[in-house]
file start19.txt (compact mmCIF, C-alpha atoms)
# COMPACT_ATOMS: atom_id res chain seq x y z
CA MET A 1 18.41 -13.80 -61.32
CA GLU A 2 16.94 -17.28 -60.79
CA VAL A 3 14.71 -17.61 -57.75
CA ALA A 4 15.77 -20.14 -55.11
CA SER A 5 13.72 -23.18 -54.15
CA GLU A 6 10.72 -22.94 -51.85
CA LYS A 7 12.79 -24.53 -49.09
CA GLU A 8 15.40 -21.78 -49.34
CA LEU A 9 12.72 -19.09 -49.43
CA LYS A 10 11.22 -20.48 -46.22
CA LYS A 11 14.60 -20.22 -44.51
CA ILE A 12 14.79 -16.58 -45.57
CA CYS A 13 11.26 -15.51 -44.58
CA ILE A 14 9.83 -17.60 -41.75
CA GLY A 15 10.25 -15.99 -38.34
CA LEU A 16 10.68 -12.44 -39.67
CA ASN A 17 8.00 -9.79 -39.60
CA VAL A 18 6.27 -9.14 -42.92
CA PHE A 19 8.06 -5.86 -43.61
CA LYS A 20 11.57 -7.28 -43.21
CA ALA A 21 10.69 -10.49 -45.07
CA LYS A 22 9.39 -8.57 -48.09
CA ASN A 23 12.42 -6.29 -48.10
CA ARG A 24 14.80 -9.23 -47.97
CA ILE A 25 12.99 -10.93 -50.86
CA LYS A 26 13.10 -7.72 -52.94
CA LEU A 27 16.80 -7.38 -52.27
CA LEU A 28 17.74 -10.98 -53.08
CA TYR A 29 15.21 -11.60 -55.87
CA PRO A 30 14.12 -8.34 -57.57
CA SER A 31 11.93 -10.29 -60.03
CA LEU A 32 9.55 -11.06 -57.13
CA SER A 33 9.24 -7.45 -55.96
CA ASP A 34 5.71 -6.98 -57.31
CA LYS A 35 4.65 -10.62 -57.04
CA ILE A 36 4.34 -11.13 -53.29
CA ASP A 37 0.88 -11.95 -51.91
CA LEU A 38 -0.03 -11.82 -48.23
CA GLU A 39 -2.44 -14.02 -46.30
CA PHE A 40 -3.15 -13.35 -42.65
CA VAL A 41 -4.29 -16.02 -40.21
CA GLU A 42 -5.70 -15.31 -36.79
CA SER A 43 -3.24 -15.90 -33.98
CA ASN A 44 -2.63 -14.80 -30.39
CA ALA A 45 1.12 -14.62 -31.10
CA GLN A 46 2.94 -11.44 -32.07
CA ARG A 47 1.24 -10.01 -35.14
CA PHE A 48 2.68 -9.83 -38.65
CA ILE A 49 5.19 -12.66 -38.20
CA VAL A 50 5.66 -14.88 -41.28
CA THR A 51 4.73 -18.47 -40.45
CA ASP A 52 4.71 -20.04 -43.93
CA CYS A 53 5.94 -19.37 -47.45
CA LYS A 54 4.79 -20.93 -50.75
CA TYR A 55 6.34 -20.31 -54.15
CA ASP A 56 4.52 -20.93 -57.43
CA LYS A 57 7.32 -21.35 -59.96
CA SER A 58 5.00 -21.46 -62.99
CA LYS A 59 3.52 -18.04 -62.17
CA ASN A 60 6.67 -16.75 -60.43
CA LYS A 61 4.57 -15.72 -57.42
CA LEU A 62 5.31 -15.88 -53.72
CA LYS A 63 2.66 -16.23 -51.02
CA LEU A 64 3.49 -15.31 -47.44
CA THR A 65 1.31 -16.38 -44.51
CA ALA A 66 1.54 -14.16 -41.44
CA THR A 67 -0.07 -13.87 -38.02
CA SER A 68 -2.75 -11.30 -37.28
CA ASN A 69 -5.12 -10.27 -34.52
CA ASN A 70 -8.88 -10.38 -34.95
CA PRO A 71 -11.06 -7.35 -34.11
CA ILE A 72 -13.51 -9.70 -32.39
CA ARG A 73 -11.27 -9.58 -29.32
CA HIS A 74 -12.61 -6.08 -28.63
CA LEU A 75 -16.21 -7.31 -28.46
CA PRO A 76 -17.94 -8.78 -25.39
CA SER A 77 -17.22 -12.43 -24.73
CA MET A 78 -20.74 -13.46 -25.78
CA TYR A 79 -19.84 -12.57 -29.40
CA GLN A 80 -16.43 -14.14 -29.47
CA GLU A 81 -17.78 -17.65 -29.92
CA ASN A 82 -19.63 -16.66 -33.11
CA GLU A 83 -17.58 -18.28 -35.92
CA PHE A 84 -19.32 -16.37 -38.73
CA LEU A 85 -18.69 -13.02 -37.05
CA ARG A 86 -15.06 -14.00 -36.42
CA LYS A 87 -14.45 -14.72 -40.12
CA TYR A 88 -16.44 -11.66 -41.23
CA LEU A 89 -14.41 -9.27 -39.07
CA MET A 90 -11.20 -10.86 -40.32
CA ILE A 91 -11.97 -9.46 -43.79
CA PHE A 92 -11.72 -5.90 -42.46
CA GLN A 93 -8.61 -6.81 -40.48
CA HIS A 94 -6.94 -7.87 -43.75
CA LEU A 95 -7.62 -4.42 -45.20
CA MET A 96 -6.24 -2.67 -42.12
CA ASN A 97 -3.11 -4.81 -41.85
CA GLU A 98 -1.31 -3.25 -44.85
CA THR A 99 -1.65 0.21 -43.29
CA SER A 100 -0.68 -1.10 -39.86
CA ILE A 101 2.48 -2.74 -41.24
CA THR A 102 3.53 0.55 -42.83
CA LEU A 103 2.89 2.51 -39.62
CA ASP A 104 4.68 -0.07 -37.46
CA ASN A 105 7.77 0.20 -39.64
CA ILE A 106 7.67 3.89 -40.50
CA ASP A 107 11.18 4.33 -39.08
CA ASN A 108 12.57 1.91 -41.67
CA LEU A 109 11.53 4.28 -44.45
CA PHE A 110 14.35 6.57 -43.32
CA ARG A 111 17.01 3.83 -43.30
CA PRO A 112 18.81 3.85 -46.67
CA MET A 113 19.51 0.10 -46.62
CA GLU A 114 15.87 -0.79 -45.97
CA ALA A 115 13.85 2.07 -47.47
CA ASP A 116 11.82 1.57 -50.63
CA ALA A 117 13.78 2.41 -53.78
CA LYS A 118 11.23 5.12 -54.68
CA PHE A 119 11.98 6.93 -51.42
CA LEU A 120 15.77 7.07 -51.92
CA PRO A 121 15.71 10.32 -54.00
CA VAL A 122 13.81 12.00 -51.14
CA ILE A 123 16.50 11.01 -48.61
CA ALA A 124 19.22 12.12 -51.05
CA GLY A 125 17.51 15.51 -51.41
CA TRP A 126 17.74 16.11 -47.66
CA PHE A 127 21.54 15.97 -47.92
CA GLY A 128 21.80 17.91 -51.18
CA ILE A 129 22.93 14.79 -53.06
CA ASN A 130 22.01 14.31 -56.71
CA PRO A 131 21.00 10.61 -56.99
CA GLU A 132 21.59 10.66 -60.75
CA LEU A 133 25.32 11.04 -60.11
CA LEU A 134 25.52 8.03 -57.79
CA GLY A 135 24.72 5.24 -60.26
CA SER A 136 22.98 2.01 -59.28
CA GLU A 137 20.51 1.53 -56.45
CA GLU A 138 23.10 -0.45 -54.47
CA ILE A 139 25.64 2.40 -54.64
CA THR A 140 22.95 4.97 -53.84
CA ARG A 141 22.01 3.09 -50.67
CA LYS A 142 25.67 2.79 -49.68
CA VAL A 143 26.35 6.52 -50.15
CA LEU A 144 23.19 7.51 -48.25
CA GLN A 145 24.14 5.14 -45.44
CA PHE A 146 27.30 7.23 -44.90
CA ALA A 147 25.63 10.55 -45.75
CA ILE A 148 25.78 11.99 -42.21
CA PRO A 149 29.54 11.48 -41.60
CA LEU A 150 30.24 12.49 -45.21
CA TYR A 151 28.23 15.68 -44.74
CA ARG A 152 30.50 16.66 -41.84
CA TYR A 153 33.55 16.39 -44.13
CA ARG A 154 31.96 18.01 -47.17
CA GLY A 155 34.39 20.23 -49.06
CA THR A 156 37.45 18.57 -47.53
CA LYS A 157 40.03 16.21 -49.02
CA ILE A 158 38.95 13.18 -46.98
CA GLY A 159 35.26 13.79 -47.72
CA LEU A 160 35.76 13.97 -51.48
CA LYS A 161 38.12 10.98 -51.49
CA THR A 162 35.64 8.82 -49.54
CA LEU A 163 32.70 9.80 -51.73
CA LEU A 164 34.57 9.02 -54.95
CA TYR A 165 35.66 5.65 -53.52
CA LEU A 166 32.09 4.71 -52.54
CA ILE A 167 30.81 5.50 -56.04
CA SER A 168 33.63 4.09 -58.16
CA GLY A 169 35.13 1.36 -55.97
CA ILE A 170 38.54 2.83 -56.89
CA LYS A 171 40.69 4.48 -54.24
CA PRO A 172 41.72 7.85 -55.69
CA GLU A 173 44.65 10.04 -54.77
CA ILE A 174 44.07 13.76 -54.30
CA ILE A 175 47.11 15.94 -54.97
CA GLU A 176 46.79 19.52 -53.84
CA GLY A 177 48.50 22.41 -55.63
CA LYS A 178 49.48 20.28 -58.61
CA LEU A 179 48.25 19.91 -62.19
CA PRO A 180 47.99 16.57 -64.01
CA PHE A 181 50.01 18.12 -66.88
CA GLU A 182 52.62 20.81 -67.22
CA ALA A 183 51.17 24.30 -67.27
CA LEU A 184 51.48 26.38 -70.42
CA ASP A 185 52.40 29.90 -69.42
CA ILE A 186 51.48 32.61 -71.92
CA GLY A 187 53.95 35.51 -72.00
CA TYR A 188 53.13 39.19 -71.89
CA GLU A 189 53.86 39.62 -75.60
CA SER A 190 51.11 37.15 -76.57
CA THR A 191 47.69 38.29 -77.76
CA ILE A 192 46.04 35.59 -75.58
CA GLU A 193 44.67 37.21 -72.45
CA SER A 194 44.67 34.19 -70.08
CA PRO A 195 46.71 31.04 -69.36
CA ILE A 196 45.65 27.73 -70.87
CA LEU A 197 46.05 26.01 -67.49
CA GLU A 198 46.59 27.39 -64.03
CA LYS A 199 50.15 27.48 -62.77
CA ASP A 200 51.05 24.46 -60.63
CA SER A 201 52.06 26.81 -57.84
CA ASP A 202 48.45 27.89 -57.38
CA ALA A 203 47.31 26.82 -53.91
CA ASN A 204 43.62 26.74 -54.95
CA LEU A 205 43.88 23.87 -57.41
CA PHE A 206 44.03 20.11 -56.97
CA SER A 207 44.12 16.96 -59.07
CA VAL A 208 42.26 13.71 -58.49
CA TYR A 209 44.25 10.71 -59.74
CA PHE A 210 42.64 7.32 -60.32
CA PRO A 211 45.28 4.53 -60.53
CA VAL A 212 43.48 2.71 -63.38
CA TYR A 213 43.50 3.06 -67.15
CA LEU A 214 40.78 5.25 -68.62
CA GLU A 215 39.62 2.56 -71.08
CA ASP A 216 38.96 0.21 -68.13
CA VAL A 217 36.41 2.58 -66.62
CA ASP A 218 32.83 2.98 -67.84
CA LYS A 219 32.41 6.22 -69.79
CA ASP A 220 29.25 7.14 -67.91
CA LEU A 221 31.08 6.64 -64.59
CA VAL A 222 33.91 8.94 -65.76
CA LYS A 223 31.39 11.70 -66.53
CA ARG A 224 29.66 11.26 -63.19
CA LEU A 225 32.96 11.30 -61.28
CA PHE A 226 33.99 14.55 -62.95
CA LYS A 227 30.62 16.17 -62.16
CA ILE A 228 30.91 15.05 -58.53
CA ILE A 229 34.39 16.60 -58.27
CA GLN A 230 33.07 19.89 -59.62
CA THR A 231 30.02 19.77 -57.34
CA GLU A 232 31.78 18.80 -54.09
CA LYS A 233 34.96 20.89 -54.42
CA PRO A 234 35.32 24.19 -52.51
CA VAL A 235 33.90 27.13 -54.46
CA ASN A 236 37.23 29.00 -54.72
CA SER A 237 39.20 25.99 -56.00
CA ILE A 238 39.79 24.33 -59.37
CA GLY A 239 39.70 20.54 -59.67
CA TYR A 240 41.13 18.26 -62.37
CA MET A 241 40.80 14.52 -62.91
CA TYR A 242 43.17 12.12 -64.64
CA PHE A 243 43.91 8.42 -64.95
CA LYS A 244 46.89 6.11 -65.19
CA ASN A 245 48.93 6.42 -68.40
CA HIS A 246 50.37 3.55 -70.37
CA SER A 247 54.16 3.38 -70.25
CA VAL A 248 55.63 4.55 -73.57
CA GLN A 249 58.95 3.20 -74.79
CA LYS A 250 61.33 5.91 -75.81
CA ARG A 251 62.14 5.80 -79.51
CA LYS A 252 65.74 5.15 -80.50
CA THR A 253 67.33 8.22 -82.04
CA THR A 254 68.96 7.68 -85.43
CA VAL A 255 71.45 10.22 -86.68
CA ILE A 256 71.66 10.35 -90.46
CA THR A 257 75.07 11.35 -91.87
CA GLN A 258 76.83 11.29 -95.24
CA ASP A 259 78.27 7.82 -94.41
CA ILE A 260 74.94 6.13 -95.21
CA GLU A 261 75.34 3.52 -97.98
CA LYS A 262 71.82 2.19 -98.34
CA MET A 263 68.32 3.01 -97.12
CA GLY A 264 65.60 0.43 -97.80
CA THR A 265 62.80 -1.62 -96.29
CA GLU A 266 65.24 -3.48 -94.07
CA GLY A 267 66.50 -0.28 -92.50
CA ILE A 268 69.58 1.86 -92.89
CA GLN A 269 72.95 0.34 -93.65
CA PHE A 270 76.30 2.00 -93.10
call {"tool": "encode", "arguments": {"input": "start19.txt", "output": "structure tokens"}}
result
Amino acid sequence: MEVASEKELKKICIGLNVFKAKNRIKLLYPSLSDKIDLEFVESNAQRFIVTDCKYDKSKNKLKLTATSNNPIRHLPSMYQENEFLRKYLMIFQHLMNETSITLDNIDNLFRPMEADAKFLPVIAGWFGINPELLGSEEITRKVLQFAIPLYRYRGTKIGLKTLLYLISGIKPEIIEGKLPFEALDIGYESTIESPILEKDSDANLFSVYFPVYLEDVDKDLVKRLFKIIQTEKPVNSIGYMYFKNHSVQKRKTTVITQDIEKMGTEGIQF
């Protein structure tokens, strides 16, 4: 994705604290994720607020200038007029600021929409969610954002339906006690010891219907959806998944009799 102009970047960053500004840049322009430099300037204003933003297009690098306190304020007033000491202590303040920013925003690490991408699998693990089944980072964040209400409905029809919708973007229909195809019942005289499919009268089975054609859905998504159904369904139930079928025109029945005079490439003539 092409990075916006420096003017647009300033509108995005200036006025925000460093943590939120960096997160917004990473979200809007992933190519800049590892190319953001920080410069802190001494100020009596609230610390870690972005005051300036410069973008080097040739190097694809972004430099943020933010406010910071100076440790010299903790020294007696007789030392606070020493300009060399002021600049010298600011070096150590730069080193401490990165840690301070993390500690000041530690609560954001647990917010799915703002947490670092590397921390998302940890949050997913707390809810017993396999992040590999969710897909992209955007979908993972969306699912984790609703993880708490979804957890309350886990194993229910509405819970499964909502989860599948969040992952696929397709609103499924869950039909309880019904198979996607007609059941094949094996009689007692057969040597086969079990039915091919469960009977559609079985109360412990359900079908998940997606109102789209199978070829219009990514194959990897289909596999993940099926695994999610098997993972999230109640233990004592059986779940099936199927998609919309193309309408098939019924073939015209031709009855061949002894009145046929000719049969050729143009058809049958009587």
call {"tool": "closest_residue", "arguments": {"input": "start19.txt", "among": "A:Lys22, A:Ser31, A:Gly155, A:Thr65", "to": "Ser43 in chain A", "atoms": "only C-alpha atoms"}}
result
A:Thr65
call {"tool": "atom_distance", "arguments": {"input": "start19.txt", "atom1": "CA of Met241 in chain A", "atom2": "CA of Leu134 in chain A"}}
result
17.4 Å
call {"tool": "residues_around", "arguments": {"input": "start19.txt", "residues": "range 112-121 of chain A", "least_positions_apart": "3", "cutoff": "10 Å", "atoms": "all atoms listed in the file", "output": "ChimeraX atom specification"}}
result
/A:19-20,23-24,26-27,106-109,124-126,129-132,137-138,140-147
call {"tool": "atom_distance", "arguments": {"input": "start19.txt", "atom1": "CA of Ile170 in chain A", "atom2": "CA of Arg111 in chain A"}}
result
25.5 Å
call {"tool": "residues_around", "arguments": {"input": "start19.txt", "residues": "range 56-58 of chain A", "least_positions_apart": "4", "cutoff": "10 Å", "atoms": "all atoms listed in the file", "output": "list in words"}}
result
Val3, Ala4, Ser5, Glu6, Leu62 and Lys63 of chain A
call {"tool": "write_last_selection", "arguments": {"input": "start19.txt", "atoms": "C-alpha atoms", "output": "tab-separated table (two decimals), in the frame of the given file"}}
result
chain	number	residue	atom	x	y	z
A	3	VAL	CA	14.71	-17.61	-57.75
A	4	ALA	CA	15.77	-20.14	-55.11
A	5	SER	CA	13.72	-23.18	-54.15
A	6	GLU	CA	10.72	-22.94	-51.85
A	62	LEU	CA	5.31	-15.88	-53.72
A	63	LYS	CA	2.66	-16.23	-51.02
call {"tool": "residues_around", "arguments": {"input": "start19.txt", "residues": "Leu164 in chain A", "least_positions_apart": "4", "cutoff": "7 Å", "atoms": "only C-alpha atoms", "output": "list in words"}}
result
Leu160, Ser168 and Leu225 of chain A
call {"tool": "closest_residue", "arguments": {"input": "start19.txt", "among": "A:Val41, A:Leu214, A:Val18, A:Val50", "to": "Met90 in chain A", "atoms": "only C-alpha atoms"}}
result
A:Val41
call {"tool": "closest_residue", "arguments": {"input": "start19.txt", "among": "A:Ser77, A:Asn17, A:Asn60, A:Gly177", "to": "Asp37 in chain A", "atoms": "only C-alpha atoms"}}
result
A:Asn60
call {"tool": "closest_residue", "arguments": {"input": "start19.txt", "among": "A:Leu166, A:Ile175, A:Leu133, A:Leu150", "to": "Lys227 in chain A", "atoms": "all atoms listed in the file"}}
result
A:Leu133
call {"tool": "closest_residue", "arguments": {"input": "start19.txt", "among": "A:Ile228, A:Leu95, A:Ala66, A:Ile101", "to": "Glu39 in chain A", "atoms": "all atoms listed in the file"}}
result
A:Ala66
call {"tool": "closest_residue", "arguments": {"input": "start19.txt", "among": "A:Glu8, A:Val235, A:Asn245, A:Lys35", "to": "Val212 in chain A", "atoms": "all atoms listed in the file"}}
result
A:Asn245
call {"tool": "atom_distance", "arguments": {"input": "start19.txt", "atom1": "CA of Ser207 in chain A", "atom2": "CA of Tyr242 in chain A"}}
result
7.4 Å
call {"tool": "axis_aligned_box", "arguments": {"input": "start19.txt", "around": "range 13-18 of chain A", "padding_each_side": "6 Å", "output": "JSON"}}
result
{"center_x": 8.8, "center_y": -13.4, "center_z": -41.5, "size_x": 17.0, "size_y": 20.5, "size_z": 18.2}
